[in-house]
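For reference, work_6.pdb is printed below; it contains PDB, C-alpha atoms.
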```pdb
ATOM      1  CA  MET M   1      -6.509  79.012 195.613
ATOM      2  CA  ASP M   2      -7.235  75.763 197.318
ATOM      3  CA  ILE M   3     -10.453  73.889 196.559
ATOM      4  CA  GLN M   4     -11.273  73.791 200.267
ATOM      5  CA  ASP M   5     -11.246  77.611 200.351
ATOM      6  CA  ILE M   6     -13.881  77.696 197.623
ATOM      7  CA  ILE M   7     -16.127  75.056 199.154
ATOM      8  CA  LYS M   8     -17.782  77.187 201.817
ATOM      9  CA  PRO M   9     -21.479  77.824 202.410
ATOM     10  CA  GLU M  10     -21.190  81.520 201.479
ATOM     11  CA  ASN M  11     -19.771  80.645 198.037
ATOM     12  CA  LYS M  12     -22.524  78.222 197.139
ATOM     13  CA  VAL M  13     -24.199  79.051 193.820
ATOM     14  CA  TYR M  14     -26.176  75.900 193.195
ATOM     15  CA  SER M  15     -27.368  73.018 195.304
ATOM     16  CA  SER M  16     -30.126  70.466 195.194
ATOM     17  CA  PRO M  17     -33.515  72.190 195.750
ATOM     18  CA  ARG M  18     -34.617  72.192 199.371
ATOM     19  CA  LEU M  19     -38.014  70.695 198.550
ATOM     20  CA  LEU M  20     -36.536  67.785 196.642
ATOM     21  CA  ASN M  21     -36.136  65.062 199.231
ATOM     22  CA  ASP M  22     -33.385  62.491 199.602
ATOM     23  CA  SER M  23     -35.152  59.507 198.053
ATOM     24  CA  THR M  24     -33.380  58.465 194.892
ATOM     25  CA  MET M  25     -35.519  58.954 191.815
ATOM     26  CA  HIS M  26     -36.551  55.806 189.995
ATOM     27  CA  TYR M  27     -36.078  57.383 186.557
ATOM     28  CA  CYS M  28     -33.605  55.975 184.045
ATOM     29  CA  PRO M  29     -30.253  57.747 183.818
ATOM     30  CA  GLY M  30     -30.555  61.026 181.907
ATOM     31  CA  CYS M  31     -34.361  61.228 182.075
ATOM     32  CA  SER M  32     -35.812  64.722 181.603
ATOM     33  CA  HIS M  33     -38.281  64.141 184.438
ATOM     34  CA  GLY M  34     -35.505  64.642 186.988
ATOM     35  CA  VAL M  35     -34.652  68.093 185.666
ATOM     36  CA  VAL M  36     -38.305  69.154 185.611
ATOM     37  CA  HIS M  37     -38.799  67.849 189.166
ATOM     38  CA  LYS M  38     -35.900  70.037 190.249
ATOM     39  CA  LEU M  39     -37.417  73.077 188.531
ATOM     40  CA  VAL M  40     -40.832  72.508 190.113
ATOM     41  CA  ALA M  41     -39.242  72.158 193.563
ATOM     42  CA  GLU M  42     -37.125  75.283 193.058
ATOM     43  CA  VAL M  43     -40.014  77.420 191.821
ATOM     44  CA  ILE M  44     -42.337  76.387 194.666
ATOM     45  CA  ASP M  45     -39.570  77.147 197.166
ATOM     46  CA  GLU M  46     -38.786  80.533 195.611
ATOM     47  CA  MET M  47     -42.465  81.494 195.614
ATOM     48  CA  GLY M  48     -42.759  80.462 199.272
ATOM     49  CA  LEU M  49     -45.668  78.158 198.521
ATOM     50  CA  GLU M  50     -44.357  75.102 200.316
ATOM     51  CA  HIS M  51     -47.487  74.844 202.463
ATOM     52  CA  ASN M  52     -49.885  76.144 199.826
ATOM     53  CA  ALA M  53     -49.125  73.986 196.826
ATOM     54  CA  ILE M  54     -51.153  70.993 195.702
ATOM     55  CA  GLY M  55     -49.699  68.794 193.004
ATOM     56  CA  ILE M  56     -51.635  66.205 191.050
ATOM     57  CA  ALA M  57     -49.489  63.214 190.112
ATOM     58  CA  PRO M  58     -50.303  61.341 186.904
ATOM     59  CA  VAL M  59     -50.024  57.750 185.797
ATOM     60  CA  GLY M  60     -46.918  57.156 183.747
ATOM     61  CA  CYS M  61     -43.243  57.439 184.536
ATOM     62  CA  ALA M  62     -43.918  60.401 186.826
ATOM     63  CA  VAL M  63     -46.413  58.405 188.910
ATOM     64  CA  PHE M  64     -44.121  58.618 191.949
ATOM     65  CA  ALA M  65     -43.670  62.403 191.715
ATOM     66  CA  TYR M  66     -45.212  62.629 195.193
ATOM     67  CA  LYS M  67     -42.304  60.699 196.606
ATOM     68  CA  TYR M  68     -39.731  63.238 195.484
ATOM     69  CA  ILE M  69     -41.123  66.735 195.993
ATOM     70  CA  ASP M  70     -42.131  67.728 199.513
ATOM     71  CA  VAL M  71     -45.506  69.351 198.905
ATOM     72  CA  ASP M  72     -49.052  68.008 199.099
ATOM     73  CA  TRP M  73     -49.913  65.634 196.291
ATOM     74  CA  ILE M  74     -52.940  63.732 195.075
ATOM     75  CA  GLU M  75     -52.553  60.739 192.819
ATOM     76  CA  ALA M  76     -55.069  60.822 189.976
ATOM     77  CA  ALA M  77     -56.517  57.991 187.922
ATOM     78  CA  HIS M  78     -54.940  57.689 184.489
ATOM     79  CA  GLY M  79     -55.471  60.924 182.545
ATOM     80  CA  ARG M  80     -57.803  62.446 185.128
ATOM     81  CA  ALA M  81     -55.341  64.864 186.702
ATOM     82  CA  PRO M  82     -56.935  68.046 185.241
ATOM     83  CA  ALA M  83     -60.348  66.946 186.561
ATOM     84  CA  LEU M  84     -58.908  66.383 190.020
ATOM     85  CA  ALA M  85     -57.009  69.661 189.827
ATOM     86  CA  THR M  86     -60.294  71.415 188.982
ATOM     87  CA  ALA M  87     -61.814  70.148 192.222
ATOM     88  CA  ALA M  88     -58.713  70.951 194.277
ATOM     89  CA  LYS M  89     -58.529  74.492 192.916
ATOM     90  CA  ARG M  90     -62.240  75.223 193.287
ATOM     91  CA  LEU M  91     -62.167  74.058 196.896
ATOM     92  CA  ASN M  92     -58.873  75.861 197.663
ATOM     93  CA  PRO M  93     -58.991  78.946 195.457
ATOM     94  CA  ASP M  94     -55.966  80.597 197.087
ATOM     95  CA  ARG M  95     -53.586  77.727 196.578
ATOM     96  CA  LEU M  96     -51.276  76.795 193.788
ATOM     97  CA  VAL M  97     -52.695  73.753 192.029
ATOM     98  CA  PHE M  98     -50.657  72.094 189.323
ATOM     99  CA  THR M  99     -50.700  68.816 187.464
ATOM    100  CA  TYR M 100     -47.620  67.008 186.264
ATOM    101  CA  GLN M 101     -48.398  64.776 183.302
ATOM    102  CA  GLY M 102     -46.719  62.897 180.516
ATOM    103  CA  ASP M 103     -47.924  62.599 176.950
ATOM    104  CA  GLY M 104     -49.654  59.260 177.461
ATOM    105  CA  ASP M 105     -51.596  60.709 180.366
ATOM    106  CA  PHE M 106     -52.297  64.175 179.006
ATOM    107  CA  ALA M 107     -52.605  63.676 175.242
ATOM    108  CA  ALA M 108     -53.935  60.132 175.013
ATOM    109  CA  ILE M 109     -56.189  58.744 177.732
ATOM    110  CA  GLY M 110     -56.801  62.151 179.316
ATOM    111  CA  THR M 111     -57.502  64.169 176.166
ATOM    112  CA  ALA M 112     -61.104  64.920 177.172
ATOM    113  CA  GLU M 113     -60.136  66.081 180.667
ATOM    114  CA  SER M 114     -57.252  68.154 179.329
ATOM    115  CA  ILE M 115     -59.289  69.939 176.704
ATOM    116  CA  HIS M 116     -62.300  70.572 178.912
ATOM    117  CA  ALA M 117     -60.313  71.756 181.927
ATOM    118  CA  ALA M 118     -58.442  74.179 179.664
ATOM    119  CA  ASN M 119     -61.636  75.265 177.945
ATOM    120  CA  ARG M 120     -63.388  75.923 181.250
ATOM    121  CA  GLY M 121     -60.475  78.162 182.129
ATOM    122  CA  GLU M 122     -59.720  76.389 185.390
ATOM    123  CA  ASN M 123     -57.042  78.274 187.302
ATOM    124  CA  ILE M 124     -54.542  75.443 187.265
ATOM    125  CA  ALA M 125     -51.039  75.029 185.900
ATOM    126  CA  ILE M 126     -50.421  71.985 183.740
ATOM    127  CA  ILE M 127     -46.886  70.713 183.269
ATOM    128  CA  PHE M 128     -46.880  68.404 180.319
ATOM    129  CA  ILE M 129     -43.790  66.349 179.515
ATOM    130  CA  ASN M 130     -43.772  65.291 175.886
ATOM    131  CA  ASN M 131     -41.268  62.654 174.862
ATOM    132  CA  GLY M 132     -43.286  61.179 172.014
ATOM    133  CA  ILE M 133     -43.438  57.684 173.430
ATOM    134  CA  TYR M 134     -45.052  55.599 176.174
ATOM    135  CA  GLY M 135     -41.933  55.339 178.298
ATOM    136  CA  MET M 136     -43.202  53.428 181.331
ATOM    137  CA  THR M 137     -44.858  50.570 179.466
ATOM    138  CA  GLY M 138     -41.885  49.872 177.217
ATOM    139  CA  GLY M 139     -41.712  52.437 174.436
ATOM    140  CA  GLN M 140     -44.949  51.969 172.470
ATOM    141  CA  MET M 141     -46.313  54.551 170.046
ATOM    142  CA  ALA M 142     -48.083  57.526 171.634
ATOM    143  CA  PRO M 143     -50.340  60.067 169.896
ATOM    144  CA  THR M 144     -47.409  62.492 169.992
ATOM    145  CA  THR M 145     -44.984  60.070 168.300
ATOM    146  CA  LEU M 146     -43.410  61.700 165.261
ATOM    147  CA  GLU M 147     -44.069  60.562 161.720
ATOM    148  CA  GLY M 148     -41.593  57.814 160.821
ATOM    149  CA  MET M 149     -40.404  57.430 164.426
ATOM    150  CA  LYS M 150     -39.603  53.854 165.404
ATOM    151  CA  THR M 151     -41.218  52.544 168.576
ATOM    152  CA  ALA M 152     -41.987  49.095 169.997
ATOM    153  CA  THR M 153     -45.373  49.036 168.241
ATOM    154  CA  THR M 154     -44.251  50.802 165.040
ATOM    155  CA  PRO M 155     -40.964  49.010 164.300
ATOM    156  CA  TYR M 156     -40.861  50.404 160.757
ATOM    157  CA  GLY M 157     -41.665  53.925 161.857
ATOM    158  CA  ARG M 158     -45.028  55.619 162.400
ATOM    159  CA  ASN M 159     -47.057  55.374 159.225
ATOM    160  CA  VAL M 160     -49.582  58.205 159.019
ATOM    161  CA  GLU M 161     -51.945  56.199 156.822
ATOM    162  CA  LEU M 162     -52.225  53.518 159.455
ATOM    163  CA  ASN M 163     -51.519  55.379 162.700
ATOM    164  CA  GLY M 164     -52.634  58.928 161.951
ATOM    165  CA  TYR M 165     -50.711  62.139 162.464
ATOM    166  CA  PRO M 166     -48.798  63.271 165.569
ATOM    167  CA  LEU M 167     -51.054  65.216 167.933
ATOM    168  CA  ASP M 168     -49.887  68.717 168.779
ATOM    169  CA  ILE M 169     -52.199  69.128 171.759
ATOM    170  CA  THR M 170     -50.472  72.251 173.068
ATOM    171  CA  LYS M 171     -51.236  74.100 169.848
ATOM    172  CA  LEU M 172     -54.804  72.874 170.125
ATOM    173  CA  LEU M 173     -55.123  74.211 173.675
ATOM    174  CA  ALA M 174     -53.631  77.574 172.691
ATOM    175  CA  GLN M 175     -56.717  78.196 170.562
ATOM    176  CA  LEU M 176     -59.107  77.841 173.480
ATOM    177  CA  ASP M 177     -60.395  80.921 175.259
ATOM    178  CA  GLY M 178     -59.853  79.432 178.708
ATOM    179  CA  THR M 179     -56.075  79.231 178.519
ATOM    180  CA  CYS M 180     -54.013  82.258 179.518
ATOM    181  CA  TYR M 181     -50.479  81.002 178.999
ATOM    182  CA  VAL M 182     -49.405  78.201 176.680
ATOM    183  CA  THR M 183     -45.753  77.575 176.063
ATOM    184  CA  ARG M 184     -43.362  74.884 174.919
ATOM    185  CA  GLN M 185     -39.909  74.499 176.409
ATOM    186  CA  SER M 186     -37.122  71.950 176.608
ATOM    187  CA  VAL M 187     -34.529  71.069 179.249
ATOM    188  CA  HIS M 188     -31.660  69.629 177.234
ATOM    189  CA  LYS M 189     -29.207  72.527 177.729
ATOM    190  CA  PRO M 190     -28.417  74.837 180.662
ATOM    191  CA  ALA M 191     -29.919  77.857 178.846
ATOM    192  CA  ALA M 192     -33.065  75.893 178.010
ATOM    193  CA  VAL M 193     -33.377  74.821 181.659
ATOM    194  CA  ARG M 194     -33.327  78.474 182.752
ATOM    195  CA  GLN M 195     -36.023  79.336 180.193
ATOM    196  CA  ALA M 196     -38.162  76.401 181.299
ATOM    197  CA  LYS M 197     -37.875  77.542 184.903
ATOM    198  CA  LYS M 198     -39.186  80.997 183.984
ATOM    199  CA  ALA M 199     -42.099  79.400 182.131
ATOM    200  CA  ILE M 200     -42.994  77.205 185.108
ATOM    201  CA  ARG M 201     -42.808  80.212 187.419
ATOM    202  CA  ARG M 202     -45.147  82.212 185.195
ATOM    203  CA  ALA M 203     -47.605  79.317 185.006
ATOM    204  CA  PHE M 204     -47.588  78.918 188.790
ATOM    205  CA  GLU M 205     -48.146  82.656 189.277
ATOM    206  CA  ASN M 206     -51.106  82.468 186.904
ATOM    207  CA  SER M 207     -52.586  79.669 188.994
ATOM    208  CA  VAL M 208     -52.160  81.515 192.281
ATOM    209  CA  ASN M 209     -53.523  84.765 190.816
ATOM    210  CA  ARG M 210     -56.422  82.972 189.091
ATOM    211  CA  ARG M 211     -55.755  84.176 185.572
ATOM    212  CA  GLY M 212     -56.848  80.996 183.784
ATOM    213  CA  CYS M 213     -55.365  77.729 182.690
ATOM    214  CA  SER M 214     -51.636  77.615 181.958
ATOM    215  CA  VAL M 215     -50.003  74.841 179.974
ATOM    216  CA  VAL M 216     -46.241  74.353 179.997
ATOM    217  CA  GLU M 217     -45.212  71.654 177.572
ATOM    218  CA  ILE M 218     -41.667  70.448 178.063
ATOM    219  CA  LEU M 219     -40.026  68.427 175.337
ATOM    220  CA  GLY M 220     -38.463  65.494 177.115
ATOM    221  CA  THR M 221     -36.277  62.648 176.090
ATOM    222  CA  CYS M 222     -36.693  58.945 176.734
ATOM    223  CA  SER M 223     -33.297  57.374 176.255
ATOM    224  CA  SER M 224     -34.577  53.908 177.202
ATOM    225  CA  GLY M 225     -37.568  54.087 174.884
ATOM    226  CA  TRP M 226     -35.692  55.715 172.043
ATOM    227  CA  LYS M 227     -32.799  53.234 172.473
ATOM    228  CA  MET M 228     -30.104  55.916 172.611
ATOM    229  CA  THR M 229     -27.691  57.328 175.168
ATOM    230  CA  PRO M 230     -28.956  60.383 177.079
ATOM    231  CA  HIS M 231     -26.710  62.701 175.085
ATOM    232  CA  GLN M 232     -27.753  61.158 171.759
ATOM    233  CA  SER M 233     -31.395  61.534 172.822
ATOM    234  CA  ASN M 234     -30.879  65.232 173.438
ATOM    235  CA  LEU M 235     -29.340  65.676 170.000
ATOM    236  CA  TRP M 236     -32.103  63.628 168.390
ATOM    237  CA  MET M 237     -34.729  65.653 170.216
ATOM    238  CA  GLU M 238     -33.194  68.909 169.064
ATOM    239  CA  GLU M 239     -32.983  67.729 165.489
ATOM    240  CA  HIS M 240     -36.340  65.994 165.055
ATOM    241  CA  MET M 241     -38.801  66.898 167.815
ATOM    242  CA  LYS M 242     -38.326  70.648 167.470
ATOM    243  CA  GLU M 243     -39.301  70.476 163.825
ATOM    244  CA  LYS M 244     -42.801  69.270 164.664
ATOM    245  CA  TYR M 245     -42.957  70.873 168.108
ATOM    246  CA  PRO M 246     -41.205  74.276 167.880
ATOM    247  CA  VAL M 247     -40.119  75.746 171.196
ATOM    248  CA  GLY M 248     -41.509  79.073 172.401
ATOM    249  CA  ASP M 249     -44.634  80.780 173.730
ATOM    250  CA  LEU M 250     -47.766  79.854 171.821
ATOM    251  CA  LYS M 251     -50.034  82.132 173.800
ATOM    252  CA  ASN M 252     -49.594  84.676 176.550
ATOM    253  CA  ILE M 253     -52.530  86.943 177.253
ATOM    254  CA  GLU M 254     -50.387  89.321 179.304
ATOM    255  CA  GLU M 255     -48.394  90.383 176.268
TER     256      GLU M 255
ATOM    257  CA  MET D   1     -10.153  91.711 185.959
ATOM    258  CA  PRO D   2     -11.341  89.141 188.513
ATOM    259  CA  LYS D   3     -11.695  85.653 187.196
ATOM    260  CA  PRO D   4     -14.316  83.154 188.339
ATOM    261  CA  LYS D   5     -13.055  80.085 190.131
ATOM    262  CA  GLY D   6     -15.348  77.268 190.991
ATOM    263  CA  ALA D   7     -15.591  73.891 192.633
ATOM    264  CA  VAL D   8     -18.177  71.146 192.531
ATOM    265  CA  ILE D   9     -19.147  68.395 194.921
ATOM    266  CA  ILE D  10     -20.772  65.362 193.341
ATOM    267  CA  ASP D  11     -23.008  63.070 195.347
ATOM    268  CA  THR D  12     -21.566  59.937 193.774
ATOM    269  CA  GLU D  13     -24.085  57.565 195.368
ATOM    270  CA  ARG D  14     -26.988  59.465 193.809
ATOM    271  CA  CYS D  15     -25.302  59.756 190.397
ATOM    272  CA  LYS D  16     -26.575  57.476 187.645
ATOM    273  CA  GLY D  17     -23.756  58.117 185.199
ATOM    274  CA  CYS D  18     -25.933  59.622 182.472
ATOM    275  CA  ASP D  19     -23.028  61.702 181.129
ATOM    276  CA  LEU D  20     -25.118  64.872 180.673
ATOM    277  CA  CYS D  21     -22.955  66.948 183.049
ATOM    278  CA  VAL D  22     -19.813  65.864 181.202
ATOM    279  CA  VAL D  23     -21.321  67.082 177.925
ATOM    280  CA  ALA D  24     -22.639  70.325 179.477
ATOM    281  CA  CYS D  25     -19.332  71.362 181.103
ATOM    282  CA  PRO D  26     -17.781  74.129 178.967
ATOM    283  CA  THR D  27     -14.292  73.636 180.420
ATOM    284  CA  ASP D  28     -14.099  69.814 180.373
ATOM    285  CA  CYS D  29     -13.699  69.377 184.117
ATOM    286  CA  LEU D  30     -15.802  66.285 184.499
ATOM    287  CA  GLU D  31     -15.598  62.709 183.350
ATOM    288  CA  LEU D  32     -17.336  59.441 184.090
ATOM    289  CA  GLN D  33     -15.342  56.874 186.031
ATOM    290  CA  LYS D  34     -13.792  54.350 183.670
ATOM    291  CA  LYS D  35     -13.789  51.311 185.934
ATOM    292  CA  GLU D  36     -15.060  52.292 189.363
ATOM    293  CA  VAL D  37     -18.808  52.101 190.053
ATOM    294  CA  ASN D  38     -20.998  53.256 192.926
ATOM    295  CA  ASN D  39     -23.139  51.022 195.125
ATOM    296  CA  ARG D  40     -25.873  50.857 192.517
ATOM    297  CA  GLY D  41     -23.468  49.885 189.753
ATOM    298  CA  TYR D  42     -23.305  53.165 187.867
ATOM    299  CA  ARG D  43     -20.078  54.700 186.560
ATOM    300  CA  PHE D  44     -20.450  57.976 188.393
ATOM    301  CA  ALA D  45     -19.156  61.379 187.324
ATOM    302  CA  HIS D  46     -16.036  62.801 188.948
ATOM    303  CA  VAL D  47     -13.847  65.879 188.586
ATOM    304  CA  ILE D  48     -10.702  65.382 186.525
ATOM    305  CA  ALA D  49      -9.565  68.976 186.125
ATOM    306  CA  PRO D  50     -10.587  70.988 189.226
ATOM    307  CA  GLU D  51      -8.355  73.882 188.171
ATOM    308  CA  ASN D  52     -10.517  74.486 185.057
ATOM    309  CA  CYS D  53     -13.825  74.867 186.915
ATOM    310  CA  ILE D  54     -15.377  78.335 186.599
ATOM    311  CA  GLY D  55     -18.440  77.648 188.764
ATOM    312  CA  CYS D  56     -20.924  78.218 185.930
ATOM    313  CA  ALA D  57     -23.303  75.549 187.315
ATOM    314  CA  SER D  58     -24.126  74.201 183.836
ATOM    315  CA  CYS D  59     -23.452  70.655 185.042
ATOM    316  CA  ALA D  60     -25.757  71.094 188.022
ATOM    317  CA  LEU D  61     -28.554  72.626 185.941
ATOM    318  CA  VAL D  62     -28.749  69.697 183.532
ATOM    319  CA  CYS D  63     -28.209  66.986 186.167
ATOM    320  CA  PRO D  64     -31.482  65.029 186.339
ATOM    321  CA  ASP D  65     -30.690  63.564 189.747
ATOM    322  CA  ALA D  66     -29.670  66.770 191.532
ATOM    323  CA  CYS D  67     -26.333  65.339 192.655
ATOM    324  CA  ILE D  68     -24.106  68.348 191.992
ATOM    325  CA  GLU D  69     -23.395  71.253 194.334
ATOM    326  CA  VAL D  70     -21.517  74.230 192.903
ATOM    327  CA  PHE D  71     -19.376  76.837 194.653
ATOM    328  CA  LYS D  72     -17.915  79.931 193.068
ATOM    329  CA  VAL D  73     -15.557  82.770 194.013
ATOM    330  CA  MET D  74     -14.107  85.686 192.041
ATOM    331  CA  ILE D  75     -10.338  86.023 192.336
TER     332      ILE D  75
END
```

Could you express the structure from this file as structure tokens?
Amino acid sequence: MDIQDIIKPENKVYSSPRLLNDSTMHYCPGCSHGVVHKLVAEVIDEMGLEHNAIGIAPVGCAVFAYKYIDVDWIEAAHGRAPALATAAKRLNPDRLVFTYQGDGDFAAIGTAESIHAANRGENIAIIFINNGIYGMTGGQMAPTTLEGMKTATTPYGRNVELNGYPLDITKLLAQLDGTCYVTRQSVHKPAAVRQAKKAIRRAFENSVNRRGCSVVEILGTCSSGWKMTPHQSNLWMEEHMKEKYPVGDLKNIEE
Amino acid sequence: MPKPKGAVIIDTERCKGCDLCVVACPTDCLELQKKEVNNRGYRFAHVIAPENCIGCASCALVCPDACIEVFKVMI
């Protein structure tokens, strides 16, 4: 069979999500943010919430998220996305309100906002990309950096006596009464991408149906910050990150 | 038993040559260009063995820049 006979609109099984626009993403090659952007765009499209979704963009690598996904966005001050999402959701209770944050935004400068928004049980979905490093500013140590992990500011590896222990904020949030769905996923393999998509969909449904705060942590890679190729980063992530941050549902009140 | 047959179209100008699709492909259809680069200077991915493609969309799922379209038929 000729290739041209296969390439027909009726045979299409996968294409770029409709809500992802044509502007080229500024992310480094192989960055996990791109995959998660695709999933967010696909889920919003599948749920038919194109005109009823409000995203809160963070500060960090994903600061330009509003340039890539065609829904309404608000750009928050550093770490303040859950606070802004609280206001957006309380004023528009029927809409999907989600934040898209990295670990520097969510688990470092925005820790107070994150914990209190989750504890208040705000009906928002939080997508939290954890790559264990401050990617945008040049690969410095983040609270989520693993023990012994080399970064620009810990060239001999993170020393727990000096720098403290890695912060597992998702586990912390799972203990709060306000959260309804807390999960950790990754996007390094096709099967993992499908799982992550289901998790994002469930979180978005929880936001629309006002069931409480949902947190979807996605283990990301930072090939530039980790000084590896994208494929090596995925292998490294699977080997080391999953030890400290095991993948799976931490809390789901529906089950 | 019908067998799946697939084809992919790669938006080479959007591709950043991260190699993730090449690793994800179960039938080794894809490869990065060895010498040729796109307008932004990346060695983009291209199809080297179109006859092996089964249209599983693994490459497209892991592509961070959404540059791959996948088509599939059962023959």

Residue members of the PyMOL selection byres ((chain M and resi 52) around 9) in the file shown, as number ranges by chain: M: 48-51, 53-54, 71-72, 94-97

Evaluate the ChimeraX specification (/M :<9) & /D and report residues as a VMD selection string: chain D and resid 5 to 9 14 to 20 23 to 24 50 to 51 55 to 73 75

Selection: 8 Å around Asp28 of chain D, all atoms listed in the file, excl. self and same-chain fewer than 6 positions, as number ranges by chain: D: 22, 49, 52

For the residues in the current selection, export C-alpha atoms as an mmCIF file, in the frame of the given file.
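The resulting again.cif:
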```
data_model
loop_
_atom_site.group_PDB
_atom_site.id
_atom_site.type_symbol
_atom_site.label_atom_id
_atom_site.label_comp_id
_atom_site.auth_asym_id
_atom_site.auth_seq_id
_atom_site.Cartn_x
_atom_site.Cartn_y
_atom_site.Cartn_z
ATOM 1 C CA VAL D 22 -19.813 65.864 181.202
ATOM 2 C CA ALA D 49 -9.565 68.976 186.125
ATOM 3 C CA ASN D 52 -10.517 74.486 185.057
#
```

Evaluate the PyMOL selection byres ((chain D and resi 13) around 8) and report residues as a ChimeraX atom specification: /D:11-12,14-15,38-40,44

Selected residues, C-alpha atoms, written as a PDB file, in the frame of the given file, please.
```
ATOM      1  CA  ASP D  11     -23.008  63.070 195.347  1.00  0.00           C
ATOM      2  CA  THR D  12     -21.566  59.937 193.774  1.00  0.00           C
ATOM      3  CA  ARG D  14     -26.988  59.465 193.809  1.00  0.00           C
ATOM      4  CA  CYS D  15     -25.302  59.756 190.397  1.00  0.00           C
ATOM      5  CA  ASN D  38     -20.998  53.256 192.926  1.00  0.00           C
ATOM      6  CA  ASN D  39     -23.139  51.022 195.125  1.00  0.00           C
ATOM      7  CA  ARG D  40     -25.873  50.857 192.517  1.00  0.00           C
ATOM      8  CA  PHE D  44     -20.450  57.976 188.393  1.00  0.00           C
TER       9      PHE D  44
END
```

Surrounding residues of segment 164-178 of chain M excluding itself and chain neighbours under 2 positions, 8 Å, only C-alpha atoms, as number ranges by chain: M: 107, 115, 118-122, 143-147, 159-162, 180-184, 212-213, 215, 217, 245, 250-251

Hey, can I get the axis-aligned box for segment 20-32 of chain D? All listed atoms, 6 Å padding on each side, centre and edge lengths in Å to one decimal, as lines of an AutoDock Vina configuration file.
```
center_x = -19.4
center_y = 66.8
center_z = 181.2
size_x = 23.4
size_y = 26.7
size_z = 18.6
```

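Atom to atom, atom CA of His116 of chain M and atom CA of Glu75 of chain M stand 19.6 Å apart.
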
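The shortest atom-to-atom distance to Ala45 of chain D, with all atoms listed in the file taken into account, belongs to D:Gln33 out of D:Met74, D:Lys3, D:Thr27, D:Gln33.
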
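Residue nearest Cys222 of chain M within the list M:Gln140, M:Asn209, M:Thr86, M:Thr99: M:Gln140 [criterion: smallest interatomic distance, all atoms listed in the file].
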
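Here atom CA of Ala203 of chain M is placed at a distance of 13.4 Å from atom CA of Gly55 of chain M.
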
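Between atom CA of Gly79 of chain M and atom CA of Gly248 of chain M the separation is 25.0 Å.
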
Residues within 6 Å of (-59.6, 65.4, 182.1), counting only C-alpha atoms, listed as a PyMOL selection string: chain M and resi 80+82-83+110+112-114

Residues near Trp226 of chain M, cut-off 9 Å, only C-alpha atoms, skip fewer than 3 positions along chain, as an NGL selection string: :M and (133 or 135 or 139 or 150-151 or 221-223 or 229 or 233)

Using the selection just defined, write its residues with C-alpha atoms as an mmCIF file, in the coordinates of the input.
```
data_model
loop_
_atom_site.group_PDB
_atom_site.id
_atom_site.type_symbol
_atom_site.label_atom_id
_atom_site.label_comp_id
_atom_site.auth_asym_id
_atom_site.auth_seq_id
_atom_site.Cartn_x
_atom_site.Cartn_y
_atom_site.Cartn_z
ATOM 1 C CA ILE M 133 -43.438 57.684 173.430
ATOM 2 C CA GLY M 135 -41.933 55.339 178.298
ATOM 3 C CA GLY M 139 -41.712 52.437 174.436
ATOM 4 C CA LYS M 150 -39.603 53.854 165.404
ATOM 5 C CA THR M 151 -41.218 52.544 168.576
ATOM 6 C CA THR M 221 -36.277 62.648 176.090
ATOM 7 C CA CYS M 222 -36.693 58.945 176.734
ATOM 8 C CA SER M 223 -33.297 57.374 176.255
ATOM 9 C CA THR M 229 -27.691 57.328 175.168
ATOM 10 C CA SER M 233 -31.395 61.534 172.822
#
```

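Residues lying at most 8 Å from (-48.0, 68.2, 187.3) in file coordinates, with only C-alpha atoms considered, are Gly55, Ile56, Ala57, Pro58, Phe98, Thr99, Tyr100, Gln101, Ala125, Ile126, Ile127 and Phe128 of chain M.
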
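Shell of Lys34 of chain D at 9 Å, with all atoms listed in the file counted and residues fewer than 3 places along the chain excluded, is D:Glu31, D:Val37, D:Arg43, D:Phe44.
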